[in-house]
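Notes for the one structure printed next.
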Amino acid sequence: MSPPVDRIPSNERLPEAADVVVIGGGVAGIAAAYYLARKGHSVAVVEKGRVAGEQSSRNWGWVRQQNRDERELPLIRHSLELWGGLAAETGRDLGFRRTGLLYVTTERKDIEEWERWSELARGYQVHSRMLSAGEAQAMTPNCTRRWIGGVHSPTDGRAEPSRAVPALAEAARALGVTIHQQCAVRGLDLTAGRVSGVVTEKGRIRAGAVLCAGGAWSSLFCRQLGIDLPQAGVRSTVFATEAAPLITEGGLSTPGYVMRRRLDGGYTVSIRGRGRLELTPQGLRYARKFWPVFRKRAAGGVSIRIGRSFLTGPEALGGWGQGASPFEKTRVLDPAPDMAVVAEAMAQLQEAHPELAGLKVLHAWGGWIDNTPDAIPVISPVATLPGFFLSTGYSGHGFGIGPGAARLAADLIAGDTPVVDPRPFRYERLIDGSPLPPGPM
């Protein structure tokens with residue numbers, strides 16, 4: 001079941017030409033279109049389903065610096081600045097609130113990892129505060145669990161996935177961006193070995209640059225172009241509750257359940273680290289690259305199974321010619337939630353917070369998280385195909401970093417000075433034998 005998402009209308013008529021075509025209507029694509037338009041470029045966004053229909057509306061809604069990989073820290077710092085100014089800049093409420101983020105634990109290894117991370121993060125002017133057992137307990141009043149400590153990041157925030165990307169899409173449209181939903185891109189037009197446009201199911205658009213921000217579908221699209229993009233999808237489960245007593249104003253992460261306060265007074269809830277990696281042809285193709293990160297995540301609750309995604313979806317076998325593409329067969333990737341995870345998370349939540357007894361689940365949904373082998377996104381040109389750019393592989397933490405990542409993508413496409421060093425996000429690292437150490441999360 002898809003989570004509720006604000007719907008926006010489409011521009012039904014394709015432009016004959018645009019400076020940039022963006023493939024994908026999630027946060028990476030919509031925000032990049034917005035920043036490109038602010039730079040004065042004409043942009044068309046082409047989305048096979050609907051804006052924010054997939055992972056951009058299915059995430060936890062956290063906007064966090066806490067426990068980020070070191071390579072992402074400059075980008076998330078800039079992203080938080082952008083989140084803080086978008087409401088005034090666009091005249092639209094994206095649901096962003098700087099309410100802080102709290103991690104608590106019963107495990108000594110967590111404390112040790114957070115201490116190391118906090119020391120590292122101070123070098124990037126990211127200041128989190130380690131908490132004693134008493135301080136952690138005081139910040140979770142009435143909680144029946146007994147914490148040995150925690151870490152608090154007061155400058156982190158939260159936003160509403162159901163609202164944020166559609167609102168930003170309308171802000172982009174106000175700058176001249178056209179948005180075309182239910183319109184899949186089948187391929188690229190090439191002239192003299194470089195990008196000259198896109199071929200969609202509804203016609204062609206001439207363009208000198210194309211940004212692929214297709215999330216879990218990016219590797220499949222690239223494979224059709226002869227571009228090797230290692231990605232693997234992990235299924236996740238999240239649910240939203242009805243309005244409930246205040247437990248936290250921001251996000252709370254425990255060794256079991258995680259939760260975020262919503263603007264409607266309920267909570268978005270999941271279980272930390274829980275997911276399912278389904279065996280697929282694409283997954284088997286890249287299994288060696290992903291083995292180190294899977295071995296690390298398996299201890300945290302990621303399991304392997306065979307499911308329908310072996311035969312259908314973004315990681316199945318198959319190509320296409322001039323006819324319908326796989327993107328038209330699955331307009332919105334909508335995995336079923338694991339109701340056992342929902343029941344377990346709700347039981348933990350109510351046991352730890354007795355004031356939530358009787359709390360009801362309003363919606364539960366599944367997600368498909370697009371991962372890279374080092375859990376760091378690709379925000380990069382592809383040197384072998386001039387005019388083609390990637391913004392994908394956000395590995396479960398793309399929503400919060402989205403505006404900053406989009407600004408970086410826009411800078412690279414426009415040929416402007418990048419807002420942060422782009423080297424950690426270069427595409428070539430995934431294929432040139434570079435070490436791919438998985439990040440802390």
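Order determines the names: the first chain of the structure tokens is A, the second B, and so forth; residues in each chain are numbered 1 upward, and ligands are numbered 1 upward as they are shown.
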
Item to complete: Would you list, as an NGL selection string, the residues of range 6-203 of chain A that end up in strand (DSSP E) under DSSP run on this structure's backbone?
Response: :A and (20-23 or 43-46 or 62-63 or 101-105 or 129-131 or 149-153 or 157-158 or 178-180 or 185-191 or 194-200 or 203)

Quick one: which range 235-256 of chain A residues come within 12 Å of range 144-152 of chain A, and what is the nearest atom pair for each with the distance in Å to one decimal, counting only C-alpha atoms, rows ordered by chain and ascending number, as a tab-separated table?
residue	atom	partner	partner_atom	distance
A:Gly250	CA	A:His152	CA	10.8
A:Gly251	CA	A:His152	CA	10.1
A:Leu252	CA	A:His152	CA	9.5
A:Ser253	CA	A:Gly150	CA	9.6
A:Thr254	CA	A:Trp147	CA	9.1
A:Pro255	CA	A:Trp147	CA	10.0
A:Gly256	CA	A:Arg145	CA	10.9

For those residues, write N, CA and C atoms to a file as a PDB file, in the first residue's frame.
ATOM      1  N   GLY A 250      11.107  15.322  17.600  1.00  0.00           N
ATOM      2  CA  GLY A 250      11.899  15.034  16.412  1.00  0.00           C
ATOM      3  C   GLY A 250      11.939  13.563  16.100  1.00  0.00           C
ATOM      4  N   GLY A 251      13.167  13.030  15.934  1.00  0.00           N
ATOM      5  CA  GLY A 251      13.354  11.616  15.666  1.00  0.00           C
ATOM      6  C   GLY A 251      13.998  10.941  16.855  1.00  0.00           C
ATOM      7  N   LEU A 252      13.613   9.709  17.117  1.00  0.00           N
ATOM      8  CA  LEU A 252      14.168   8.903  18.206  1.00  0.00           C
ATOM      9  C   LEU A 252      14.567   7.547  17.648  1.00  0.00           C
ATOM     10  N   SER A 253      15.826   7.170  17.851  1.00  0.00           N
ATOM     11  CA  SER A 253      16.328   5.874  17.406  1.00  0.00           C
ATOM     12  C   SER A 253      16.747   5.071  18.625  1.00  0.00           C
ATOM     13  N   THR A 254      16.238   3.842  18.722  1.00  0.00           N
ATOM     14  CA  THR A 254      16.595   2.917  19.792  1.00  0.00           C
ATOM     15  C   THR A 254      17.132   1.645  19.151  1.00  0.00           C
ATOM     16  N   PRO A 255      17.674   0.705  19.931  1.00  0.00           N
ATOM     17  CA  PRO A 255      18.157  -0.546  19.327  1.00  0.00           C
ATOM     18  C   PRO A 255      17.050  -1.347  18.645  1.00  0.00           C
ATOM     19  N   GLY A 256      15.804  -1.050  18.941  1.00  0.00           N
ATOM     20  CA  GLY A 256      14.688  -1.702  18.268  1.00  0.00           C
ATOM     21  C   GLY A 256      13.957  -0.720  17.378  1.00  0.00           C
TER      22      GLY A 256
END

Which residues of range 391-436 of chain A come within 9 Å of range 62-74 of chain A, and what is each one's closest atom pair and distance in Å (one decimal), counting only C-alpha atoms, sorted by chain and residue number, as a Markdown table?
| residue | atom | partner | partner_atom | distance |
| --- | --- | --- | --- | --- |
| A:His397 | CA | A:Trp62 | CA | 8.4 |
| A:Phe399 | CA | A:Val63 | CA | 7.1 |
| A:Gly400 | CA | A:Val63 | CA | 4.0 |
| A:Ile401 | CA | A:Val63 | CA | 7.1 |
| A:Val420 | CA | A:Pro74 | CA | 6.6 |
| A:Asp421 | CA | A:Pro74 | CA | 8.3 |
| A:Pro424 | CA | A:Arg71 | CA | 6.2 |
| A:Phe425 | CA | A:Arg71 | CA | 8.5 |

What does the file look like for those residues with N, CA and C atoms, as a PDB file, in the first residue's frame?
ATOM      1  N   HIS A 397      19.426   7.075   2.724  1.00  0.00           N
ATOM      2  CA  HIS A 397      19.562   8.361   3.395  1.00  0.00           C
ATOM      3  C   HIS A 397      19.596   9.507   2.389  1.00  0.00           C
ATOM      4  N   PHE A 399      16.708  11.334   1.401  1.00  0.00           N
ATOM      5  CA  PHE A 399      15.704  12.374   1.607  1.00  0.00           C
ATOM      6  C   PHE A 399      16.321  13.594   2.290  1.00  0.00           C
ATOM      7  N   GLY A 400      17.014  13.374   3.400  1.00  0.00           N
ATOM      8  CA  GLY A 400      17.600  14.498   4.118  1.00  0.00           C
ATOM      9  C   GLY A 400      18.686  15.198   3.341  1.00  0.00           C
ATOM     10  N   ILE A 401      19.480  14.425   2.620  1.00  0.00           N
ATOM     11  CA  ILE A 401      20.594  14.995   1.870  1.00  0.00           C
ATOM     12  C   ILE A 401      20.158  15.537   0.511  1.00  0.00           C
ATOM     13  N   VAL A 420      30.230  21.445  -3.007  1.00  0.00           N
ATOM     14  CA  VAL A 420      31.153  20.658  -2.182  1.00  0.00           C
ATOM     15  C   VAL A 420      32.034  19.856  -3.125  1.00  0.00           C
ATOM     16  N   ASP A 421      33.072  19.264  -2.577  1.00  0.00           N
ATOM     17  CA  ASP A 421      33.976  18.421  -3.361  1.00  0.00           C
ATOM     18  C   ASP A 421      33.195  17.232  -3.918  1.00  0.00           C
ATOM     19  N   PRO A 424      34.089  12.301  -3.749  1.00  0.00           N
ATOM     20  CA  PRO A 424      33.569  11.102  -3.072  1.00  0.00           C
ATOM     21  C   PRO A 424      32.374  10.467  -3.769  1.00  0.00           C
ATOM     22  N   PHE A 425      31.696  11.236  -4.647  1.00  0.00           N
ATOM     23  CA  PHE A 425      30.461  10.766  -5.264  1.00  0.00           C
ATOM     24  C   PHE A 425      30.636  10.423  -6.740  1.00  0.00           C
TER      25      PHE A 425
END

Restrict the calculation to only C-alpha atoms, then for each residue of range 46-113 of chain A with any atom at most 12 Å from an atom of range 198-206 of chain A give the closest atom pair and their distance in Å to one decimal, rows by chain and rising residue number, as JSON lines.
{"residue": "A:Val46", "atom": "CA", "partner": "A:Thr200", "partner_atom": "CA", "distance": 8.3}
{"residue": "A:Glu47", "atom": "CA", "partner": "A:Thr200", "partner_atom": "CA", "distance": 9.9}
{"residue": "A:Lys48", "atom": "CA", "partner": "A:Glu201", "partner_atom": "CA", "distance": 9.3}

Would you write out those residues with N, CA and C atoms, as a CSV table (one decimal), in the first residue's frame?
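File produced: out_31.csv:
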chain,number,residue,atom,x,y,z
A,46,VAL,N,10.8,14.1,-16.4
A,46,VAL,CA,10.0,13.0,-16.9
A,46,VAL,C,9.9,11.9,-15.9
A,47,GLU,N,8.7,11.5,-15.5
A,47,GLU,CA,8.5,10.5,-14.4
A,47,GLU,C,7.6,9.4,-14.9
A,48,LYS,N,8.0,8.2,-14.8
A,48,LYS,CA,7.2,7.1,-15.3
A,48,LYS,C,5.9,6.9,-14.6
